[in-house]
Each structure stands twice: as structure tokens, then as C-alpha cells.
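Enquirer: If it helps, the file is called input.csv and holds CSV, C-alpha atoms:
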```csv
chain,number,residue,atom,x,y,z
X,74,MET,CA,30.0,20.1,168.8
X,75,GLY,CA,26.9,21.2,170.8
X,76,GLU,CA,23.4,21.0,169.5
X,77,GLU,CA,22.1,24.2,167.9
X,78,GLU,CA,19.1,25.7,169.7
X,79,THR,CA,16.5,27.0,167.5
X,80,THR,CA,13.8,29.3,168.7
X,81,ALA,CA,10.5,29.5,166.7
X,82,ALA,CA,9.3,33.0,166.1
X,83,GLU,CA,6.1,33.7,168.1
X,84,PRO,CA,3.3,35.1,166.1
X,85,VAL,CA,2.5,38.7,166.7
X,86,THR,CA,-1.1,39.4,167.6
X,87,GLU,CA,-2.9,42.6,168.0
X,88,THR,CA,-5.4,43.1,170.7
X,89,LYS,CA,-8.2,45.5,169.9
X,90,PRO,CA,-9.5,47.6,172.8
X,91,LEU,CA,-12.9,46.5,174.0
X,92,SER,CA,-15.8,48.8,173.4
X,93,GLU,CA,-18.3,49.6,176.1
X,94,ARG,CA,-20.8,47.3,174.4
X,95,ASP,CA,-18.4,44.3,174.8
X,96,LEU,CA,-17.9,44.7,178.5
X,97,ARG,CA,-19.4,42.0,180.8
X,98,VAL,CA,-22.5,42.9,182.8
X,99,SER,CA,-23.1,42.1,186.5
X,100,ASP,CA,-26.2,40.6,188.2
X,101,ASP,CA,-27.1,44.1,189.5
X,102,GLU,CA,-27.1,45.5,185.9
X,103,ARG,CA,-29.4,42.6,184.8
X,104,GLU,CA,-31.8,43.2,187.7
X,105,HIS,CA,-31.8,46.9,186.9
X,106,VAL,CA,-32.9,46.3,183.4
X,107,VAL,CA,-35.7,44.0,184.6
X,108,GLY,CA,-36.8,46.9,186.8
X,109,VAL,CA,-36.8,49.2,183.8
X,110,LEU,CA,-39.0,46.7,181.9
X,111,GLN,CA,-41.5,46.8,184.7
X,112,LYS,CA,-41.7,50.6,184.3
X,113,ALA,CA,-42.3,50.0,180.5
X,114,ILE,CA,-45.3,47.9,181.3
X,115,GLY,CA,-46.7,50.7,183.5
X,116,ARG,CA,-46.3,53.2,180.6
X,117,GLY,CA,-48.1,50.9,178.2
X,118,MET,CA,-45.0,50.4,176.1
X,119,ILE,CA,-44.9,46.5,176.3
X,120,ASP,CA,-47.4,43.9,177.3
X,121,LEU,CA,-47.0,41.0,179.8
X,122,ASP,CA,-45.8,38.5,177.1
X,123,GLU,CA,-43.1,40.9,175.9
X,124,PHE,CA,-42.1,41.6,179.5
X,125,THR,CA,-41.5,37.8,180.1
X,126,GLU,CA,-39.6,37.4,176.8
X,127,ARG,CA,-37.4,40.4,177.4
X,128,THR,CA,-36.8,39.5,181.0
X,129,ASP,CA,-35.5,36.1,179.9
X,130,ARG,CA,-33.1,37.7,177.4
X,131,ALA,CA,-31.9,40.3,180.0
X,132,LEU,CA,-31.1,37.6,182.6
X,133,ALA,CA,-29.2,35.6,179.9
X,134,SER,CA,-27.2,38.6,178.7
X,135,ARG,CA,-23.4,38.5,179.1
X,136,THR,CA,-22.4,41.9,177.6
X,137,ARG,CA,-23.8,45.4,177.7
X,138,GLY,CA,-24.6,45.3,174.0
X,139,GLU,CA,-26.8,42.2,174.5
X,140,LEU,CA,-28.4,43.7,177.6
X,141,ASN,CA,-29.1,47.0,175.8
X,142,ALA,CA,-30.7,45.2,172.9
X,143,VAL,CA,-33.5,44.3,175.3
X,144,LEU,CA,-34.4,48.0,175.6
X,145,ALA,CA,-33.2,49.4,172.3
X,146,ASP,CA,-36.7,50.1,170.9
X,147,LEU,CA,-38.0,51.7,174.1
X,148,ALA,CA,-37.4,55.5,174.0
X,149,GLY,CA,-35.2,56.7,176.9
X,150,LEU,CA,-34.9,53.3,178.5
X,151,TYR,CA,-31.4,52.1,177.7
X,152,HIS,CA,-27.9,52.1,179.2
X,153,PRO,CA,-26.0,55.0,177.5
X,154,ALA,CA,-22.7,53.1,177.5
X,155,ALA,CA,-24.2,50.1,175.7
X,156,ALA,CA,-26.2,52.0,173.0
X,157,VAL,CA,-26.5,50.0,169.8
X,158,ALA,CA,-26.9,53.1,167.6
X,159,PRO,CA,-27.5,56.7,168.3
X,160,ALA,CA,-31.0,58.0,167.8
X,161,PRO,CA,-31.4,60.4,164.9
X,162,GLN,CA,-30.8,64.0,165.9
X,163,TYR,CA,-32.0,67.2,164.3
X,164,ALA,CA,-30.6,70.6,164.5
X,165,PRO,CA,-32.9,72.8,166.7
X,166,PRO,CA,-34.0,76.2,165.4
X,167,VAL,CA,-31.8,79.2,165.9
X,168,GLY,CA,-32.3,80.5,169.4
X,169,TYR,CA,-34.1,77.3,170.6
X,170,GLY,CA,-33.3,76.7,174.3
X,171,GLY,CA,-35.5,73.7,175.0
X,172,TYR,CA,-39.0,73.4,176.5
X,173,SER,CA,-39.3,74.0,180.2
X,174,PRO,CA,-40.4,70.9,182.2
X,175,GLY,CA,-44.1,71.0,183.0
X,176,ARG,CA,-44.8,73.8,180.5
X,177,ARG,CA,-47.6,73.2,178.0
X,178,PHE,CA,-46.8,74.5,174.6
X,179,GLU,CA,-49.8,76.0,172.8
X,180,LEU,CA,-50.6,76.1,169.0
X,181,ASN,CA,-53.4,78.3,167.9
X,182,ALA,CA,-55.2,78.3,164.5
X,183,LYS,CA,-58.0,80.8,164.4
X,184,TYR,CA,-59.6,81.4,160.9
X,185,SER,CA,-56.3,80.1,159.5
X,186,SER,CA,-54.2,77.1,158.7
X,187,LEU,CA,-51.4,75.8,161.0
X,188,VAL,CA,-48.9,73.1,160.0
X,189,ARG,CA,-46.1,71.4,161.9
X,190,SER,CA,-44.1,69.0,159.8
X,191,GLY,CA,-40.5,67.9,159.0
X,192,PRO,CA,-37.9,67.7,161.7
X,193,TRP,CA,-39.7,69.8,164.3
X,194,ILE,CA,-39.1,69.4,168.0
X,195,VAL,CA,-42.1,68.0,170.0
X,196,PRO,CA,-42.5,68.9,173.7
X,197,PRO,CA,-44.0,66.4,176.1
X,198,GLU,CA,-47.3,68.4,176.3
X,199,LEU,CA,-49.1,70.2,173.5
X,200,VAL,CA,-52.3,72.3,173.5
X,201,VAL,CA,-54.0,72.7,170.1
X,202,ARG,CA,-56.6,75.5,169.8
X,203,ASN,CA,-58.4,75.4,166.5
X,204,LYS,CA,-61.4,77.7,165.8
X,205,TYR,CA,-62.7,77.9,162.2
X,206,GLY,CA,-59.3,76.9,161.0
X,207,SER,CA,-57.2,73.8,160.2
X,208,THR,CA,-54.3,72.2,162.0
X,209,LYS,CA,-51.9,69.5,160.7
X,210,LEU,CA,-49.4,67.9,163.0
X,211,ASP,CA,-47.0,65.6,161.2
X,212,PHE,CA,-44.8,63.6,163.6
X,213,THR,CA,-43.2,61.5,160.8
X,214,GLU,CA,-39.8,63.2,161.1
X,215,ALA,CA,-40.3,65.0,164.3
X,216,GLN,CA,-37.8,64.8,167.3
X,217,VAL,CA,-40.0,63.6,170.1
X,218,GLN,CA,-38.6,64.5,173.5
X,219,SER,CA,-40.5,61.9,175.6
X,220,PRO,CA,-42.0,58.4,175.1
X,221,VAL,CA,-45.4,59.8,175.8
X,222,VAL,CA,-46.8,63.0,174.3
X,223,HIS,CA,-49.9,64.5,175.7
X,224,ILE,CA,-52.0,66.6,173.2
X,225,GLU,CA,-55.0,68.5,174.5
X,226,LEU,CA,-57.5,69.5,171.7
X,227,ASP,CA,-59.9,72.5,171.7
X,228,ALA,CA,-61.3,72.3,168.2
X,229,LYS,CA,-64.4,74.3,167.3
X,230,TRP,CA,-65.6,74.1,163.7
X,231,GLY,CA,-62.2,73.3,162.4
X,232,SER,CA,-60.2,70.3,161.2
X,233,VAL,CA,-57.3,68.6,162.9
X,234,GLU,CA,-55.1,66.1,161.2
X,235,VAL,CA,-52.5,64.1,163.1
X,236,ILE,CA,-49.9,62.0,161.3
X,237,ILE,CA,-47.9,59.4,163.4
X,238,PRO,CA,-45.1,57.1,162.4
X,239,GLU,CA,-45.9,53.4,161.7
X,240,HIS,CA,-44.2,52.3,165.0
X,241,ALA,CA,-46.2,54.8,167.1
X,242,ALA,CA,-49.6,54.6,168.6
X,243,VAL,CA,-52.4,56.9,169.9
X,244,ASP,CA,-54.7,56.9,172.8
X,245,VAL,CA,-58.0,58.8,172.2
X,246,ASN,CA,-59.9,57.4,175.2
X,247,SER,CA,-59.8,60.8,176.9
X,248,ILE,CA,-61.6,62.5,174.1
X,249,THR,CA,-65.2,62.2,175.4
X,250,ASP,CA,-66.7,65.3,174.0
X,251,VAL,CA,-67.4,65.1,170.2
X,252,LYS,CA,-70.3,67.3,169.2
X,253,PHE,CA,-71.4,68.0,165.6
X,254,GLY,CA,-68.1,66.6,164.6
X,255,SER,CA,-66.2,63.4,163.9
X,256,LEU,CA,-63.2,61.4,165.1
X,257,GLU,CA,-61.5,58.9,162.8
X,258,ASP,CA,-58.4,56.8,163.7
X,259,LYS,CA,-57.2,55.4,160.5
X,260,THR,CA,-54.1,53.9,162.2
X,261,HIS,CA,-56.3,51.5,164.3
X,262,SER,CA,-53.6,51.9,167.0
X,263,ASN,CA,-55.8,53.2,169.8
X,264,GLY,CA,-54.9,51.2,173.0
X,265,HIS,CA,-52.1,49.3,171.3
X,266,MET,CA,-48.4,49.3,172.0
X,267,GLY,CA,-46.4,51.9,170.3
X,268,ASN,CA,-43.4,54.1,170.7
X,269,PRO,CA,-43.8,57.0,171.0
X,270,ARG,CA,-47.4,57.1,172.3
X,271,PHE,CA,-49.6,60.1,171.6
X,272,VAL,CA,-52.3,60.6,174.2
X,273,LEU,CA,-55.1,62.9,173.0
X,274,SER,CA,-57.7,64.6,175.2
X,275,GLY,CA,-60.1,67.5,175.0
X,276,ARG,CA,-63.0,68.2,172.7
X,277,VAL,CA,-64.0,68.3,169.1
X,278,HIS,CA,-67.1,70.6,168.4
X,279,GLY,CA,-68.3,71.0,164.9
X,280,GLY,CA,-65.1,69.8,163.3
X,281,SER,CA,-63.1,66.7,162.5
X,282,LEU,CA,-60.1,64.9,163.9
X,283,VAL,CA,-58.3,62.4,161.7
X,284,ILE,CA,-55.4,60.3,162.8
X,285,ARG,CA,-53.4,58.5,160.1
X,286,HIS,CA,-50.0,57.1,159.1
X,287,PRO,CA,-47.9,58.7,156.4
X,288,ARG,CA,-49.2,58.1,152.9
X,289,ARG,CA,-47.1,55.9,150.7
X,290,GLY,CA,-46.6,56.3,147.0
X,291,LEU,CA,-45.5,59.0,144.5
X,292,PHE,CA,-48.1,61.5,145.6
X,293,GLY,CA,-48.0,60.7,149.3
```
The structure given in the file should be rewritten as C-alpha cells.
Expert:
Amino acid sequence: MGEEETTAAEPVTETKPLSERDLRVSDDEREHVVGVLQKAIGRGMIDLDEFTERTDRALASRTRGELNAVLADLAGLYHPAAAVAPAPQYAPPVGYGGYSPGRRFELNAKYSSLVRSGPWIVPPELVVRNKYGSTKLDFTEAQVQSPVVHIELDAKWGSVEVIIPEHAAVDVNSITDVKFGSLEDKTHSNGHMGNPRFVLSGRVHGGSLVIRHPRRGLFG
């Protein structure tokens, strides 16, 4: 009588498909990210110490997810296929077709009040003309289209209030003409790293410019 052969049942395993974030990266992709970090320094988005630290992480990355994490907080500087999480999107107004590249969008407040707040769409370049009026630009929930927003001010005997998110920063070094007026940066972010970065220029005559973060608390 022959020996009975027994065959052990092989365990059934399921293989989940890899996502884009789990794919391995090449040396060329790592070097590309290092080049992007160099551009970030030029834009004032990171400093030299951050560049060194992020470069080390980029060169040590094995997957697209790890590589993209190096750029995740730098607006517009990431590999689309390796995105960690989509940026918040807001529905544009009815009939909105986008801002034309290179076009400066103007806001005018003459003997009146002008407010932009909530999920409004911010173009790369803004001109604010304020004469005997008040202007309030609240970027807290705004959809900013570029890492740097240029705002040119022409304020005459009026007030301008600019509200930026905690992670953003301003640059007011180009405002060199303040006459019979005041400029107050309550965020203390001028010249610091931030994303996005709001670069203000122009003049303030007989009025005030206040830059602040969102107020916290019940009555903020």
C-alpha cells in the first residue's frame, strides 16, 4: 500500500494595488526636487538651514510620498502624482473665468467701504485704491493662486486693513512713502518665511495700514 501524499493548502493572499505615492523614485526625481528647493530659497520661502535639512530628506527618500513630503508646505512646488492631500478648493463665483496672467486686478474704495473676505479668489497682483474710504482684505479663507501676491497700495486719507493666515508672511519694505499716516504690522512677519507671501508696495498718505492675523475668541 503506497504512502498517501498530502498537500498543504497554500494561504490565499490579496495584493493591493500600489498608489502613486508608494512608487519608488529615481535619482533624477530626487535631483529634480533639490532643484525645486533651490528655487524656493530664491522666492524667500525657506532659508539655508531648511534647504539643507530638506535636501537631506529628499536624497534619502525612497517613495514619491516621502519625496513629496519635502515640498508639501510649499505652494505649487510638489509632484502632482505624489500629493499627500489635496489643497482646499472653493467654488468660484458664477461666470468666473480666471484672472489673465500679468493682469493687475484693481479694487477701488472712494468715500465708501470695501471688504473682501471668506473664500474669495486672490489674483497674483492686486491694486488697492482707497480715497476717503476703508478697505479690508481678509485672506484667512481666500484661495490664493500663487505663492507670492503683490499688492500695490494707493491710500489717501483712508484706512486699509490686511488680515493674513498664521502661516503667511508680509513684506512691506517697498512701502517707502508714508505721509501723515501710519503703518503697523501686528503679525511681526515682515521679512520672515511664510506661505503665501504678501508683498506690499505703494504709498499711504493721511491714512493707516494695519496688518494682522485673524482674531481669536468668541468675538473675533
Enquirer: Using only C-alpha atoms, determine which residues lie at most 9 Å from Thr208 of chain X, disregarding the query and same-chain residues fewer than 6 positions distant; provide the list as a PyMOL selection string.
Expert: chain X and resi 180-182+185-189+201-202+231-235
Enquirer: Go ahead and compute the interatomic distance for atom CA of Asp227 of chain X and atom CA of Gly191 of chain X, in Å to one decimal.
Expert: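 We find that atom CA of Asp227 of chain X and atom CA of Gly191 of chain X lie 23.6 Å from each other.
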Enquirer: To one decimal place, how far is atom CA of Ala228 of chain X from atom CA of Val195 of chain X in Å?
Expert: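 Interatomic distance, atom CA of Ala228 of chain X to atom CA of Val195 of chain X: 19.8 Å.
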Enquirer: Could you give me, as a PDB file with C-alpha atoms, in the frame of the given file, the residues that sit within 7 Å of (-65.2, 70.8, 168.8) in the file's coordinates, counting only C-alpha atoms?
Expert:
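Written output follows (part.pdb):
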```pdb
ATOM      1  CA  ASP X 227     -59.900  72.500 171.700  1.00  0.00           C
ATOM      2  CA  ALA X 228     -61.300  72.300 168.200  1.00  0.00           C
ATOM      3  CA  LYS X 229     -64.400  74.300 167.300  1.00  0.00           C
ATOM      4  CA  TRP X 230     -65.600  74.100 163.700  1.00  0.00           C
ATOM      5  CA  VAL X 251     -67.400  65.100 170.200  1.00  0.00           C
ATOM      6  CA  LYS X 252     -70.300  67.300 169.200  1.00  0.00           C
ATOM      7  CA  GLY X 254     -68.100  66.600 164.600  1.00  0.00           C
ATOM      8  CA  ARG X 276     -63.000  68.200 172.700  1.00  0.00           C
ATOM      9  CA  VAL X 277     -64.000  68.300 169.100  1.00  0.00           C
ATOM     10  CA  HIS X 278     -67.100  70.600 168.400  1.00  0.00           C
ATOM     11  CA  GLY X 279     -68.300  71.000 164.900  1.00  0.00           C
ATOM     12  CA  GLY X 280     -65.100  69.800 163.300  1.00  0.00           C
TER      13      GLY X 280
END
```
Enquirer: May I ask for the distance between atom CA of Asn203 of chain X and atom CA of Lys183 of chain X, given in Å to one decimal place?
Expert: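 Atom-to-atom, atom CA of Asn203 of chain X and atom CA of Lys183 of chain X are spaced 5.8 Å apart.
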Enquirer: Just checking: using all atoms listed in the file, which residue out of X:Ile194, X:Leu273, X:Val243, X:Ile237 ends up closest to Glu225 of chain X?
Expert: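 Going through X:Ile194, X:Leu273, X:Val243, X:Ile237 one by one, the smallest distance to Glu225 of chain X is for X:Leu273.
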Enquirer: Pick from X:Lys209, X:Lys204, X:His105, X:Arg288: nearest to Leu140 of chain X, with all atoms listed in the file counted?
Expert: X:His105
Enquirer: Can you fill out segment 198-231 of chain X with N, CA and C atoms and hand it back as a short mmCIF file (atom, residue, chain, number, x, y, z; two decimals), in the frame of the given file?
Expert:
```
data_model
loop_
_atom_site.label_atom_id
_atom_site.label_comp_id
_atom_site.auth_asym_id
_atom_site.auth_seq_id
_atom_site.Cartn_x
_atom_site.Cartn_y
_atom_site.Cartn_z
N GLU X 198 -45.86 68.06 176.22
CA GLU X 198 -47.30 68.40 176.30
C GLU X 198 -47.60 69.53 175.31
N LEU X 199 -48.68 69.30 174.57
CA LEU X 199 -49.10 70.20 173.50
C LEU X 199 -50.61 70.58 173.77
N VAL X 200 -50.95 71.85 173.53
CA VAL X 200 -52.30 72.30 173.50
C VAL X 200 -52.64 72.83 172.13
N VAL X 201 -53.65 72.30 171.46
CA VAL X 201 -54.00 72.70 170.10
C VAL X 201 -55.36 73.41 170.16
N ARG X 202 -55.39 74.71 169.88
CA ARG X 202 -56.60 75.50 169.80
C ARG X 202 -56.94 75.79 168.38
N ASN X 203 -58.07 75.30 167.91
CA ASN X 203 -58.40 75.40 166.50
C ASN X 203 -59.85 75.91 166.38
N LYS X 204 -60.06 77.15 165.92
CA LYS X 204 -61.40 77.70 165.80
C LYS X 204 -61.56 78.21 164.32
N TYR X 205 -62.47 77.57 163.60
CA TYR X 205 -62.70 77.90 162.20
C TYR X 205 -61.41 77.91 161.38
N GLY X 206 -60.55 76.97 161.69
CA GLY X 206 -59.30 76.90 161.00
C GLY X 206 -58.92 75.41 160.76
N SER X 207 -57.66 75.16 160.40
CA SER X 207 -57.20 73.80 160.20
C SER X 207 -55.80 73.65 160.81
N THR X 208 -55.58 72.50 161.41
CA THR X 208 -54.30 72.20 162.00
C THR X 208 -53.80 70.85 161.53
N LYS X 209 -52.53 70.80 161.14
CA LYS X 209 -51.90 69.50 160.70
C LYS X 209 -50.65 69.32 161.51
N LEU X 210 -50.61 68.22 162.26
CA LEU X 210 -49.40 67.90 163.00
C LEU X 210 -48.84 66.58 162.47
N ASP X 211 -47.70 66.71 161.81
CA ASP X 211 -47.00 65.60 161.20
C ASP X 211 -45.82 65.19 162.02
N PHE X 212 -45.89 64.04 162.69
CA PHE X 212 -44.80 63.60 163.60
C PHE X 212 -43.86 62.62 162.89
N THR X 213 -43.98 62.48 161.58
CA THR X 213 -43.20 61.50 160.80
C THR X 213 -41.69 61.67 161.04
N GLU X 214 -41.21 62.91 160.92
CA GLU X 214 -39.80 63.20 161.10
C GLU X 214 -39.48 64.00 162.31
N ALA X 215 -40.44 64.13 163.17
CA ALA X 215 -40.30 65.00 164.30
C ALA X 215 -39.32 64.38 165.37
N GLN X 216 -38.68 65.25 166.15
CA GLN X 216 -37.80 64.80 167.30
C GLN X 216 -38.69 64.88 168.52
N VAL X 217 -39.16 63.72 168.95
CA VAL X 217 -40.00 63.60 170.10
C VAL X 217 -39.17 63.55 171.37
N GLN X 218 -39.46 64.39 172.35
CA GLN X 218 -38.60 64.50 173.50
C GLN X 218 -38.98 63.53 174.64
N SER X 219 -40.08 62.81 174.52
CA SER X 219 -40.50 61.90 175.60
C SER X 219 -41.23 60.72 174.97
N PRO X 220 -41.26 59.56 175.66
CA PRO X 220 -42.00 58.40 175.10
C PRO X 220 -43.46 58.57 175.02
N VAL X 221 -44.00 59.51 175.81
CA VAL X 221 -45.40 59.80 175.80
C VAL X 221 -45.64 61.29 175.55
N VAL X 222 -46.47 61.63 174.56
CA VAL X 222 -46.80 63.00 174.30
C VAL X 222 -48.26 63.26 174.52
N HIS X 223 -48.56 64.22 175.38
CA HIS X 223 -49.90 64.50 175.70
C HIS X 223 -50.41 65.72 174.83
N ILE X 224 -51.49 65.52 174.12
CA ILE X 224 -52.00 66.60 173.20
C ILE X 224 -53.46 66.87 173.65
N GLU X 225 -53.68 68.10 174.09
CA GLU X 225 -55.00 68.50 174.50
C GLU X 225 -55.63 69.32 173.33
N LEU X 226 -56.81 68.91 172.89
CA LEU X 226 -57.50 69.50 171.70
C LEU X 226 -58.61 70.44 172.19
N ASP X 227 -58.71 71.59 171.57
CA ASP X 227 -59.90 72.50 171.70
C ASP X 227 -60.25 72.93 170.32
N ALA X 228 -60.95 72.03 169.61
CA ALA X 228 -61.30 72.30 168.20
C ALA X 228 -62.76 72.65 168.08
N LYS X 229 -63.01 73.81 167.48
CA LYS X 229 -64.40 74.30 167.30
C LYS X 229 -64.54 74.67 165.80
N TRP X 230 -65.35 73.89 165.11
CA TRP X 230 -65.60 74.10 163.70
C TRP X 230 -64.37 74.26 162.88
N GLY X 231 -63.44 73.35 163.17
CA GLY X 231 -62.20 73.30 162.40
C GLY X 231 -61.74 71.86 162.26
#
```
